[in-house]
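Quick notes on the structure that follows.
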Amino acid sequence: MDPAQLLLSYISGAWVAPAVCAAARLGVADELAGGARDADALARAVGAHPGAFYRLLRALADLGVLRELDGRVFELTEVGERLRRDHPESQRGFAVMLGSAWHRQAWSGLVESVRTGESAFERVFGPAFEHFRDHPGHGEVLNDAMTSVSTAFVWPAVRGHDFTPYRTVVDVGGGHGAMLAAILSAHPEGRGVLFDLPHVIEGAGGPLAAAGVADRCELVGGDFFTAVPPGGDAYLLSNIVHDWGDDDAVRILANCRRAMRDGGRVLLCEAVIPDPPREPTAATLIDLEMLVIARGARQRTAGEYAELFERAGLRLARVSGGGVFNVVEAAS
């Protein structure tokens, strides 16, 4: 691509993301799940101004999210299918979060975060996890986004891991349980413990029930800085350690080390940044997200995870998986 056009494509991302996020919030993909429909009928279905809505649909078609047919009729593309709520790899929740007012406001402070190393989100809203606890609507958006990331990106990395040696998998900071539900569905002999903050656990378990594995799973509320449920064979932390600076991350990992059975494993699923020289990766953009949202949060290289493990009484065993996300396995 011509350098000027390439740079423009990056800059115009400020237009692209809100357009896709608007489609997610309006439920356009859900309305098109049954097949092609004309723009006016869709506008009525989602409660939108017909003229303005057509302009949005037209832009989404140029982006490849929709396909425009004759007579202002639109249908989903393979890309747009992933904005449906019921798609097995739905990214709708993630799109809604990136388009939310609080997320846009936080990212508007990226320059200041780069200058100071401090969280733009925390300058405006206060400590991130306290904010999401005290504003359950925002917390629900965050949880839905993390479920989207888990099903669309994290699970493809995790499903290649052999869970058969583990009798009990403890999902630390497991949110609503989507990841644990997928693991237990694939391993019918295993049992699980879903562990998260009490206010998260109160609304959790839906994915476990939907997958028919709730009878093999215990839901436990608590604080992983204090302790985690004991007796697990594997402690899964999916997109957890990246939320914390090194000292806090070591506290969490050390608690898992103390709680696990002999021969147990700690499994981190994270967007691992390759050591240079490296190919371009989305992990570096996720790292900027962490810089903006929470104090001390960051993505790490495999070598940096090895240093954390050593401080927690663990050792790096291997890094597996492909794509952006990997499974980083630690043993005692």
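Please note that chains go A, B, ... in the order of the structure tokens, that every chain numbers its residues from 1, and that ligands are numbered from 1 in the order shown.
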ask   = Residues at most 10 Å from A:Pro18, counting only C-alpha atoms, excluding those fewer than 4 positions away in the same chain, as a PyMOL selection string?
value = chain A and resi 13-14+22-24+95-96+98-100+104
For those residues, write C-alpha atoms to a file as an mmCIF file, in the first residue's frame.
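The file below, out_26.cif, is the result:
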data_model
loop_
_atom_site.group_PDB
_atom_site.id
_atom_site.type_symbol
_atom_site.label_atom_id
_atom_site.label_comp_id
_atom_site.auth_asym_id
_atom_site.auth_seq_id
_atom_site.Cartn_x
_atom_site.Cartn_y
_atom_site.Cartn_z
ATOM 1 C CA GLY A 13 -9.458 3.866 12.586
ATOM 2 C CA ALA A 14 -10.916 6.626 14.764
ATOM 3 C CA ALA A 22 -22.616 1.388 16.736
ATOM 4 C CA ALA A 23 -23.681 -1.644 14.722
ATOM 5 C CA ALA A 24 -22.949 -3.857 17.731
ATOM 6 C CA ALA A 95 -17.045 -4.048 20.275
ATOM 7 C CA VAL A 96 -19.599 -2.587 22.699
ATOM 8 C CA LEU A 98 -14.529 -0.249 22.842
ATOM 9 C CA GLY A 99 -17.392 1.981 21.743
ATOM 10 C CA SER A 100 -18.555 2.866 25.266
ATOM 11 C CA ARG A 104 -13.316 6.347 24.628
#
inquiry  = What's the separation between atom CA of A:Ala204 and atom CA of A:Pro136, in Å to one decimal place?
reply    = 13.4 Å
DSSP-assigned helix (DSSP H, G or I) members of stretch 38-276 of chain A, reported as a PyMOL selection string = chain A and resi 39-46+50-63+78-81+92-99+101-107+110-116+120-125+128-134+136-158+178-186+198-201+206-210+214-216+241-243+246-259
Contact residues around A:Leu42 with only C-alpha atoms at 9 Å, ignoring same-chain residues under 5 positions, as a VMD selection string = chain A and resid 28 31 to 32 37 47 to 48 50 53
Those residues you just picked out, can you put them in a file as an mmCIF file, in the first residue's frame with N, CA, C and O atoms?
data_model
loop_
_atom_site.group_PDB
_atom_site.id
_atom_site.type_symbol
_atom_site.label_atom_id
_atom_site.label_comp_id
_atom_site.auth_asym_id
_atom_site.auth_seq_id
_atom_site.Cartn_x
_atom_site.Cartn_y
_atom_site.Cartn_z
ATOM 1 N N VAL A 28 -27.493 -4.786 14.837
ATOM 2 C CA VAL A 28 -27.695 -4.958 13.402
ATOM 3 C C VAL A 28 -27.473 -6.407 12.980
ATOM 4 O O VAL A 28 -28.271 -6.975 12.220
ATOM 5 N N GLU A 31 -30.356 -8.678 13.872
ATOM 6 C CA GLU A 31 -31.526 -8.475 13.012
ATOM 7 C C GLU A 31 -31.328 -9.094 11.627
ATOM 8 O O GLU A 31 -32.304 -9.442 10.957
ATOM 9 N N LEU A 32 -30.070 -9.235 11.190
ATOM 10 C CA LEU A 32 -29.787 -9.814 9.877
ATOM 11 C C LEU A 32 -29.487 -11.310 9.940
ATOM 12 O O LEU A 32 -29.153 -11.923 8.922
ATOM 13 N N ARG A 37 -32.164 -8.005 4.483
ATOM 14 C CA ARG A 37 -33.341 -7.157 4.717
ATOM 15 C C ARG A 37 -33.046 -5.768 4.162
ATOM 16 O O ARG A 37 -31.892 -5.358 4.056
ATOM 17 N N GLY A 47 -34.887 0.796 15.808
ATOM 18 C CA GLY A 47 -35.264 2.105 16.338
ATOM 19 C C GLY A 47 -34.338 3.222 15.919
ATOM 20 O O GLY A 47 -33.943 4.056 16.736
ATOM 21 N N ALA A 48 -33.992 3.261 14.624
ATOM 22 C CA ALA A 48 -33.043 4.255 14.126
ATOM 23 C C ALA A 48 -33.686 5.148 13.068
ATOM 24 O O ALA A 48 -34.675 4.770 12.428
ATOM 25 N N PRO A 50 -34.151 6.467 9.565
ATOM 26 C CA PRO A 50 -33.893 5.713 8.325
ATOM 27 C C PRO A 50 -32.741 6.255 7.502
ATOM 28 O O PRO A 50 -31.884 5.493 7.035
ATOM 29 N N PHE A 53 -29.410 5.871 9.376
ATOM 30 C CA PHE A 53 -29.089 4.451 9.516
ATOM 31 C C PHE A 53 -28.557 3.880 8.203
ATOM 32 O O PHE A 53 -27.599 3.091 8.198
#
Closest atom pairs, residues of stretch 111-151 of chain A within 12 Å of stretch 237-252 of chain A, only C-alpha atoms, as a tab-separated table:
residue	atom	partner	partner_atom	distance
A:Ser119	CA	A:Asp243	CA	11.7
A:Pro127	CA	A:Asp243	CA	11.9
A:Ala128	CA	A:Asp243	CA	9.9
A:Phe129	CA	A:Asp243	CA	9.9
A:Met146	CA	A:Asn239	CA	8.7
A:Thr147	CA	A:Ser238	CA	10.8
A:Val149	CA	A:Asn239	CA	9.5
A:Ser150	CA	A:Ser238	CA	8.2
A:Thr151	CA	A:Ser238	CA	11.6
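Residues in contact with A:Ala302 at up to 10 Å, not including ones fewer than 5 positions away on its chain and judged by only C-alpha atoms, are Val272, Ile273, Pro274, Asp275, Glu307, Leu308, Leu316, Arg318, Val319, Asn326 and Val328 of chain A.
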Residues from last step as file, N, CA and C atoms, as a PDB file, in the first residue's frame:
ATOM      1  N   VAL A 272       1.263 -12.858  24.700  1.00  0.00           N
ATOM      2  CA  VAL A 272       2.696 -12.785  24.981  1.00  0.00           C
ATOM      3  C   VAL A 272       3.391 -11.983  23.886  1.00  0.00           C
ATOM      4  N   ILE A 273       4.185 -11.001  24.307  1.00  0.00           N
ATOM      5  CA  ILE A 273       4.948 -10.201  23.355  1.00  0.00           C
ATOM      6  C   ILE A 273       6.228 -10.954  23.015  1.00  0.00           C
ATOM      7  N   PRO A 274       6.465 -11.254  21.751  1.00  0.00           N
ATOM      8  CA  PRO A 274       7.706 -11.952  21.385  1.00  0.00           C
ATOM      9  C   PRO A 274       8.926 -11.083  21.684  1.00  0.00           C
ATOM     10  N   ASP A 275      10.015 -11.740  22.030  1.00  0.00           N
ATOM     11  CA  ASP A 275      11.268 -11.018  22.197  1.00  0.00           C
ATOM     12  C   ASP A 275      11.752 -10.537  20.831  1.00  0.00           C
ATOM     13  N   GLU A 307      10.673 -14.512  35.016  1.00  0.00           N
ATOM     14  CA  GLU A 307      11.154 -13.792  36.189  1.00  0.00           C
ATOM     15  C   GLU A 307      10.082 -13.733  37.277  1.00  0.00           C
ATOM     16  N   LEU A 308       8.825 -13.507  36.883  1.00  0.00           N
ATOM     17  CA  LEU A 308       7.733 -13.503  37.864  1.00  0.00           C
ATOM     18  C   LEU A 308       7.586 -14.874  38.516  1.00  0.00           C
ATOM     19  N   LEU A 316       9.241 -21.533  34.757  1.00  0.00           N
ATOM     20  CA  LEU A 316       8.610 -21.590  33.445  1.00  0.00           C
ATOM     21  C   LEU A 316       8.832 -22.967  32.838  1.00  0.00           C
ATOM     22  N   ARG A 318       6.844 -24.144  29.815  1.00  0.00           N
ATOM     23  CA  ARG A 318       6.763 -24.010  28.362  1.00  0.00           C
ATOM     24  C   ARG A 318       5.762 -22.923  28.007  1.00  0.00           C
ATOM     25  N   VAL A 319       5.835 -22.478  26.767  1.00  0.00           N
ATOM     26  CA  VAL A 319       4.865 -21.557  26.189  1.00  0.00           C
ATOM     27  C   VAL A 319       4.285 -22.243  24.965  1.00  0.00           C
ATOM     28  N   ASN A 326      -1.278 -17.032  24.058  1.00  0.00           N
ATOM     29  CA  ASN A 326      -0.515 -18.246  24.319  1.00  0.00           C
ATOM     30  C   ASN A 326      -0.823 -18.752  25.721  1.00  0.00           C
ATOM     31  N   VAL A 328       1.037 -19.944  28.963  1.00  0.00           N
ATOM     32  CA  VAL A 328       2.345 -19.895  29.623  1.00  0.00           C
ATOM     33  C   VAL A 328       2.237 -20.798  30.852  1.00  0.00           C
TER      34      VAL A 328
END
ask   = Between A:Ala45, A:Ala145, A:Leu197, A:Val154, which one has atoms that come closest to A:Gly93, using only C-alpha atoms?
value = A:Ala145
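Shortest separation to A:Val16 among A:Asp223, A:Asp86, A:Glu289, A:Asp62 occurs at residue A:Asp62, atoms counted being only C-alpha atoms.
Atom to atom, atom CA of A:Pro207 and atom CA of A:His87 stand 13.9 Å apart.
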All strand (DSSP E or B) residues (DSSP, backbone) inside stretch 103-327 of chain A, as a ChimeraX atom specification = /A:168-172,191-196,217-221,234-238,265-271,315-320,325-327
query = Which residue, A:Ala330, A:Ile286, A:Ala271, A:Leu69, has the smallest gap to A:Ala36 when you use only C-alpha atoms?
reply = A:Leu69
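Relative to atom CA of A:Leu291, atom CA of A:Gly117 is found at 7.4 Å.
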